[in-house]
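Q: So I've got this file, work-v4.pdb, and it contains PDB, N, CA and C atoms:
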ATOM      1  N   MET L   1       0.846  -1.140   0.000
ATOM      2  CA  MET L   1       0.000   0.000   0.000
ATOM      3  C   MET L   1       0.904   1.219   0.000
ATOM      4  N   LEU L   2       0.625   2.178  -0.886
ATOM      5  CA  LEU L   2       1.386   3.430  -0.931
ATOM      6  C   LEU L   2       0.575   4.534  -0.273
ATOM      7  N   THR L   3       1.195   5.217   0.672
ATOM      8  CA  THR L   3       0.510   6.289   1.390
ATOM      9  C   THR L   3       1.531   7.150   2.117
ATOM     10  N   ASP L   4       1.133   8.347   2.438
ATOM     11  CA  ASP L   4       1.951   9.215   3.287
ATOM     12  C   ASP L   4       1.606   9.024   4.760
ATOM     13  N   ALA L   5       0.577   8.229   5.052
ATOM     14  CA  ALA L   5       0.178   7.963   6.431
ATOM     15  C   ALA L   5       1.242   7.114   7.128
ATOM     16  N   GLY L   6       1.291   7.190   8.431
ATOM     17  CA  GLY L   6       2.286   6.453   9.192
ATOM     18  C   GLY L   6       1.988   4.976   9.368
ATOM     19  N   SER L   7       0.729   4.580   9.142
ATOM     20  CA  SER L   7       0.357   3.179   9.298
ATOM     21  C   SER L   7      -0.860   2.871   8.429
ATOM     22  N   VAL L   8      -1.118   1.584   8.264
ATOM     23  CA  VAL L   8      -2.288   1.149   7.512
ATOM     24  C   VAL L   8      -3.492   1.208   8.451
ATOM     25  N   ALA L   9      -4.553   1.863   8.019
ATOM     26  CA  ALA L   9      -5.758   1.991   8.841
ATOM     27  C   ALA L   9      -6.429   0.628   9.011
ATOM     28  N   ALA L  10      -7.052   0.437  10.151
ATOM     29  CA  ALA L  10      -7.720  -0.834  10.453
ATOM     30  C   ALA L  10      -8.776  -1.182   9.407
ATOM     31  N   GLN L  11      -9.520  -0.189   8.936
ATOM     32  CA  GLN L  11     -10.546  -0.466   7.929
ATOM     33  C   GLN L  11      -9.930  -0.872   6.591
ATOM     34  N   ASP L  12      -8.743  -0.371   6.278
ATOM     35  CA  ASP L  12      -8.052  -0.792   5.057
ATOM     36  C   ASP L  12      -7.580  -2.238   5.172
ATOM     37  N   LEU L  13      -7.054  -2.612   6.344
ATOM     38  CA  LEU L  13      -6.649  -4.005   6.555
ATOM     39  C   LEU L  13      -7.858  -4.937   6.480
ATOM     40  N   ALA L  14      -8.984  -4.495   7.017
ATOM     41  CA  ALA L  14     -10.198  -5.305   6.972
ATOM     42  C   ALA L  14     -10.665  -5.502   5.529
ATOM     43  N   ALA L  15     -10.598  -4.446   4.726
ATOM     44  CA  ALA L  15     -10.995  -4.557   3.319
ATOM     45  C   ALA L  15     -10.063  -5.502   2.570
ATOM     46  N   LEU L  16      -8.772  -5.415   2.833
ATOM     47  CA  LEU L  16      -7.820  -6.325   2.188
ATOM     48  C   LEU L  16      -8.068  -7.769   2.612
ATOM     49  N   ALA L  17      -8.402  -7.975   3.872
ATOM     50  CA  ALA L  17      -8.688  -9.327   4.361
ATOM     51  C   ALA L  17      -9.943  -9.879   3.687
ATOM     52  N   ASP L  18     -10.939  -9.021   3.462
ATOM     53  CA  ASP L  18     -12.153  -9.457   2.763
ATOM     54  C   ASP L  18     -11.843  -9.887   1.338
ATOM     55  N   LEU L  19     -10.946  -9.183   0.679
ATOM     56  CA  LEU L  19     -10.610  -9.481  -0.712
ATOM     57  C   LEU L  19      -9.617 -10.634  -0.858
ATOM     58  N   ALA L  20      -8.598 -10.650  -0.008
ATOM     59  CA  ALA L  20      -7.494 -11.599  -0.204
ATOM     60  C   ALA L  20      -7.446 -12.712   0.835
ATOM     61  N   GLY L  21      -8.147 -12.541   1.963
ATOM     62  CA  GLY L  21      -8.131 -13.554   3.006
ATOM     63  C   GLY L  21      -7.203 -13.189   4.145
ATOM     64  N   ALA L  22      -7.231 -14.015   5.163
ATOM     65  CA  ALA L  22      -6.407 -13.780   6.352
ATOM     66  C   ALA L  22      -4.963 -14.199   6.099
ATOM     67  N   GLY L  23      -4.041 -13.537   6.780
ATOM     68  CA  GLY L  23      -2.636 -13.910   6.713
ATOM     69  C   GLY L  23      -1.870 -13.343   5.533
ATOM     70  N   VAL L  24      -2.455 -12.400   4.792
ATOM     71  CA  VAL L  24      -1.779 -11.787   3.655
ATOM     72  C   VAL L  24      -0.876 -10.671   4.164
ATOM     73  N   VAL L  25       0.363 -10.655   3.704
ATOM     74  CA  VAL L  25       1.313  -9.623   4.111
ATOM     75  C   VAL L  25       1.013  -8.336   3.349
ATOM     76  N   VAL L  26       0.946  -7.239   4.087
ATOM     77  CA  VAL L  26       0.711  -5.921   3.511
ATOM     78  C   VAL L  26       1.938  -5.065   3.800
ATOM     79  N   HIS L  27       2.576  -4.574   2.746
ATOM     80  CA  HIS L  27       3.741  -3.698   2.893
ATOM     81  C   HIS L  27       3.278  -2.254   2.775
ATOM     82  N   LEU L  28       3.751  -1.421   3.670
ATOM     83  CA  LEU L  28       3.420  -0.004   3.673
ATOM     84  C   LEU L  28       4.626   0.770   3.170
ATOM     85  N   GLY L  29       4.429   1.523   2.110
ATOM     86  CA  GLY L  29       5.509   2.331   1.560
ATOM     87  C   GLY L  29       5.017   3.711   1.212
ATOM     88  N   ASP L  30       5.953   4.640   1.096
ATOM     89  CA  ASP L  30       5.559   5.983   0.695
ATOM     90  C   ASP L  30       5.657   6.106  -0.826
ATOM     91  N   PRO L  31       5.107   7.170  -1.390
ATOM     92  CA  PRO L  31       5.113   7.328  -2.844
ATOM     93  C   PRO L  31       6.511   7.383  -3.459
ATOM     94  N   LYS L  32       7.537   7.634  -2.650
ATOM     95  CA  LYS L  32       8.913   7.660  -3.156
ATOM     96  C   LYS L  32       9.517   6.267  -3.238
ATOM     97  N   GLY L  33       8.810   5.270  -2.707
ATOM     98  CA  GLY L  33       9.285   3.899  -2.779
ATOM     99  C   GLY L  33       9.984   3.382  -1.537
ATOM    100  N   VAL L  34       9.959   4.131  -0.448
ATOM    101  CA  VAL L  34      10.589   3.712   0.800
ATOM    102  C   VAL L  34       9.625   2.803   1.562
ATOM    103  N   LEU L  35      10.073   1.596   1.874
ATOM    104  CA  LEU L  35       9.264   0.651   2.645
ATOM    105  C   LEU L  35       9.313   1.054   4.115
ATOM    106  N   ARG L  36       8.140   1.274   4.717
ATOM    107  CA  ARG L  36       8.082   1.716   6.115
ATOM    108  C   ARG L  36       7.817   0.572   7.080
ATOM    109  N   SER L  37       6.915  -0.329   6.702
ATOM    110  CA  SER L  37       6.578  -1.415   7.616
ATOM    111  C   SER L  37       5.817  -2.497   6.858
ATOM    112  N   SER L  38       5.603  -3.611   7.534
ATOM    113  CA  SER L  38       4.815  -4.711   6.998
ATOM    114  C   SER L  38       3.873  -5.203   8.100
ATOM    115  N   SER L  39       2.698  -5.628   7.698
ATOM    116  CA  SER L  39       1.741  -6.199   8.640
ATOM    117  C   SER L  39       0.974  -7.295   7.902
ATOM    118  N   THR L  40       0.124  -7.994   8.613
ATOM    119  CA  THR L  40      -0.684  -9.040   7.978
ATOM    120  C   THR L  40      -2.165  -8.779   8.225
ATOM    121  N   THR L  41      -2.975  -9.301   7.276
ATOM    122  CA  THR L  41      -4.417  -9.138   7.412
ATOM    123  C   THR L  41      -4.947 -10.132   8.402
TER
END
Transcribe the structure of this file into structure tokens.

A:
Amino acid sequence: MLTDAGSVAAQDLAALADLAGAGVVVHLGDPKGVLRSSSTT
């Protein structure tokens, strides 16, 4: 997910889990391509 936000919002993780299922790794990066963190659905 590309964003300037500091973290992935809970509702965004919930939407990703609905689409892709549980246990999917979500990488958070900024628009410049810097990876900030990773989490799972």

Q: Mind giving me the straight-line distance from atom CA of L:Ala20 to atom CA of L:Gly6 in Å, one decimal?

A: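 Spanning atom CA of L:Ala20 to atom CA of L:Gly6 is a straight-line distance of 22.6 Å.
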
Q: Between atom CA of L:Val26 and atom CA of L:Leu13, what is the distance, to one decimal in Å?

A: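 The value is 8.2 Å.
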
Q: If we count only N, CA and C atoms and set the cut-off at 8 Å, which residues sit around stretch 33-40 of chain L, ignoring sequence neighbours fewer than 2 positions away in its own chain? Please answer as a PDB file with N, CA and C atoms, keeping the file's coordinate frame.

A:
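Now in selection.pdb:
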ATOM      1  N   LEU L   2       0.625   2.178  -0.886  1.00  0.00           N
ATOM      2  CA  LEU L   2       1.386   3.430  -0.931  1.00  0.00           C
ATOM      3  C   LEU L   2       0.575   4.534  -0.273  1.00  0.00           C
ATOM      4  N   GLY L   6       1.291   7.190   8.431  1.00  0.00           N
ATOM      5  CA  GLY L   6       2.286   6.453   9.192  1.00  0.00           C
ATOM      6  C   GLY L   6       1.988   4.976   9.368  1.00  0.00           C
ATOM      7  N   SER L   7       0.729   4.580   9.142  1.00  0.00           N
ATOM      8  CA  SER L   7       0.357   3.179   9.298  1.00  0.00           C
ATOM      9  C   SER L   7      -0.860   2.871   8.429  1.00  0.00           C
ATOM     10  N   LEU L  13      -7.054  -2.612   6.344  1.00  0.00           N
ATOM     11  CA  LEU L  13      -6.649  -4.005   6.555  1.00  0.00           C
ATOM     12  C   LEU L  13      -7.858  -4.937   6.480  1.00  0.00           C
ATOM     13  N   ALA L  17      -8.402  -7.975   3.872  1.00  0.00           N
ATOM     14  CA  ALA L  17      -8.688  -9.327   4.361  1.00  0.00           C
ATOM     15  C   ALA L  17      -9.943  -9.879   3.687  1.00  0.00           C
ATOM     16  N   GLY L  21      -8.147 -12.541   1.963  1.00  0.00           N
ATOM     17  CA  GLY L  21      -8.131 -13.554   3.006  1.00  0.00           C
ATOM     18  C   GLY L  21      -7.203 -13.189   4.145  1.00  0.00           C
ATOM     19  N   ALA L  22      -7.231 -14.015   5.163  1.00  0.00           N
ATOM     20  CA  ALA L  22      -6.407 -13.780   6.352  1.00  0.00           C
ATOM     21  C   ALA L  22      -4.963 -14.199   6.099  1.00  0.00           C
ATOM     22  N   GLY L  23      -4.041 -13.537   6.780  1.00  0.00           N
ATOM     23  CA  GLY L  23      -2.636 -13.910   6.713  1.00  0.00           C
ATOM     24  C   GLY L  23      -1.870 -13.343   5.533  1.00  0.00           C
ATOM     25  N   VAL L  24      -2.455 -12.400   4.792  1.00  0.00           N
ATOM     26  CA  VAL L  24      -1.779 -11.787   3.655  1.00  0.00           C
ATOM     27  C   VAL L  24      -0.876 -10.671   4.164  1.00  0.00           C
ATOM     28  N   VAL L  25       0.363 -10.655   3.704  1.00  0.00           N
ATOM     29  CA  VAL L  25       1.313  -9.623   4.111  1.00  0.00           C
ATOM     30  C   VAL L  25       1.013  -8.336   3.349  1.00  0.00           C
ATOM     31  N   VAL L  26       0.946  -7.239   4.087  1.00  0.00           N
ATOM     32  CA  VAL L  26       0.711  -5.921   3.511  1.00  0.00           C
ATOM     33  C   VAL L  26       1.938  -5.065   3.800  1.00  0.00           C
ATOM     34  N   HIS L  27       2.576  -4.574   2.746  1.00  0.00           N
ATOM     35  CA  HIS L  27       3.741  -3.698   2.893  1.00  0.00           C
ATOM     36  C   HIS L  27       3.278  -2.254   2.775  1.00  0.00           C
ATOM     37  N   LEU L  28       3.751  -1.421   3.670  1.00  0.00           N
ATOM     38  CA  LEU L  28       3.420  -0.004   3.673  1.00  0.00           C
ATOM     39  C   LEU L  28       4.626   0.770   3.170  1.00  0.00           C
ATOM     40  N   GLY L  29       4.429   1.523   2.110  1.00  0.00           N
ATOM     41  CA  GLY L  29       5.509   2.331   1.560  1.00  0.00           C
ATOM     42  C   GLY L  29       5.017   3.711   1.212  1.00  0.00           C
ATOM     43  N   ASP L  30       5.953   4.640   1.096  1.00  0.00           N
ATOM     44  CA  ASP L  30       5.559   5.983   0.695  1.00  0.00           C
ATOM     45  C   ASP L  30       5.657   6.106  -0.826  1.00  0.00           C
ATOM     46  N   PRO L  31       5.107   7.170  -1.390  1.00  0.00           N
ATOM     47  CA  PRO L  31       5.113   7.328  -2.844  1.00  0.00           C
ATOM     48  C   PRO L  31       6.511   7.383  -3.459  1.00  0.00           C
TER      49      PRO L  31
END

Q: Mind the document's chain letters and residue numbers, and return as number ranges by chain the residues of chain L that DSSP labels alpha helix (DSSP H).

A: L: 10-20

Q: Apply DSSP to the backbone of this structure and, from chain L, keep only the residues in strand (DSSP E); write these as a list of chain:residue names.

A: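 Result set for chain L (strand (DSSP E)): L:Val25, L:Val26, L:His27, L:Leu28, L:Gly29, L:Leu35, L:Arg36, L:Ser37, L:Ser38, L:Ser39, L:Thr40.
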
Q: What is the distance between atom CA of L:Lys32 and atom C of L:Asp12, in Å to one decimal?

A: 21.0 Å

Q: Please report, as AutoDock Vina command-line options, the centre and edge lengths in Å to one decimal of an axis-aligned box covering all listed atoms of stretch 3-14 of chain L with 8 Å per side.

A:
--center_x -4.2 --center_y 1.9 --center_z 5.6 --size_x 29.0 --size_y 30.7 --size_z 25.8
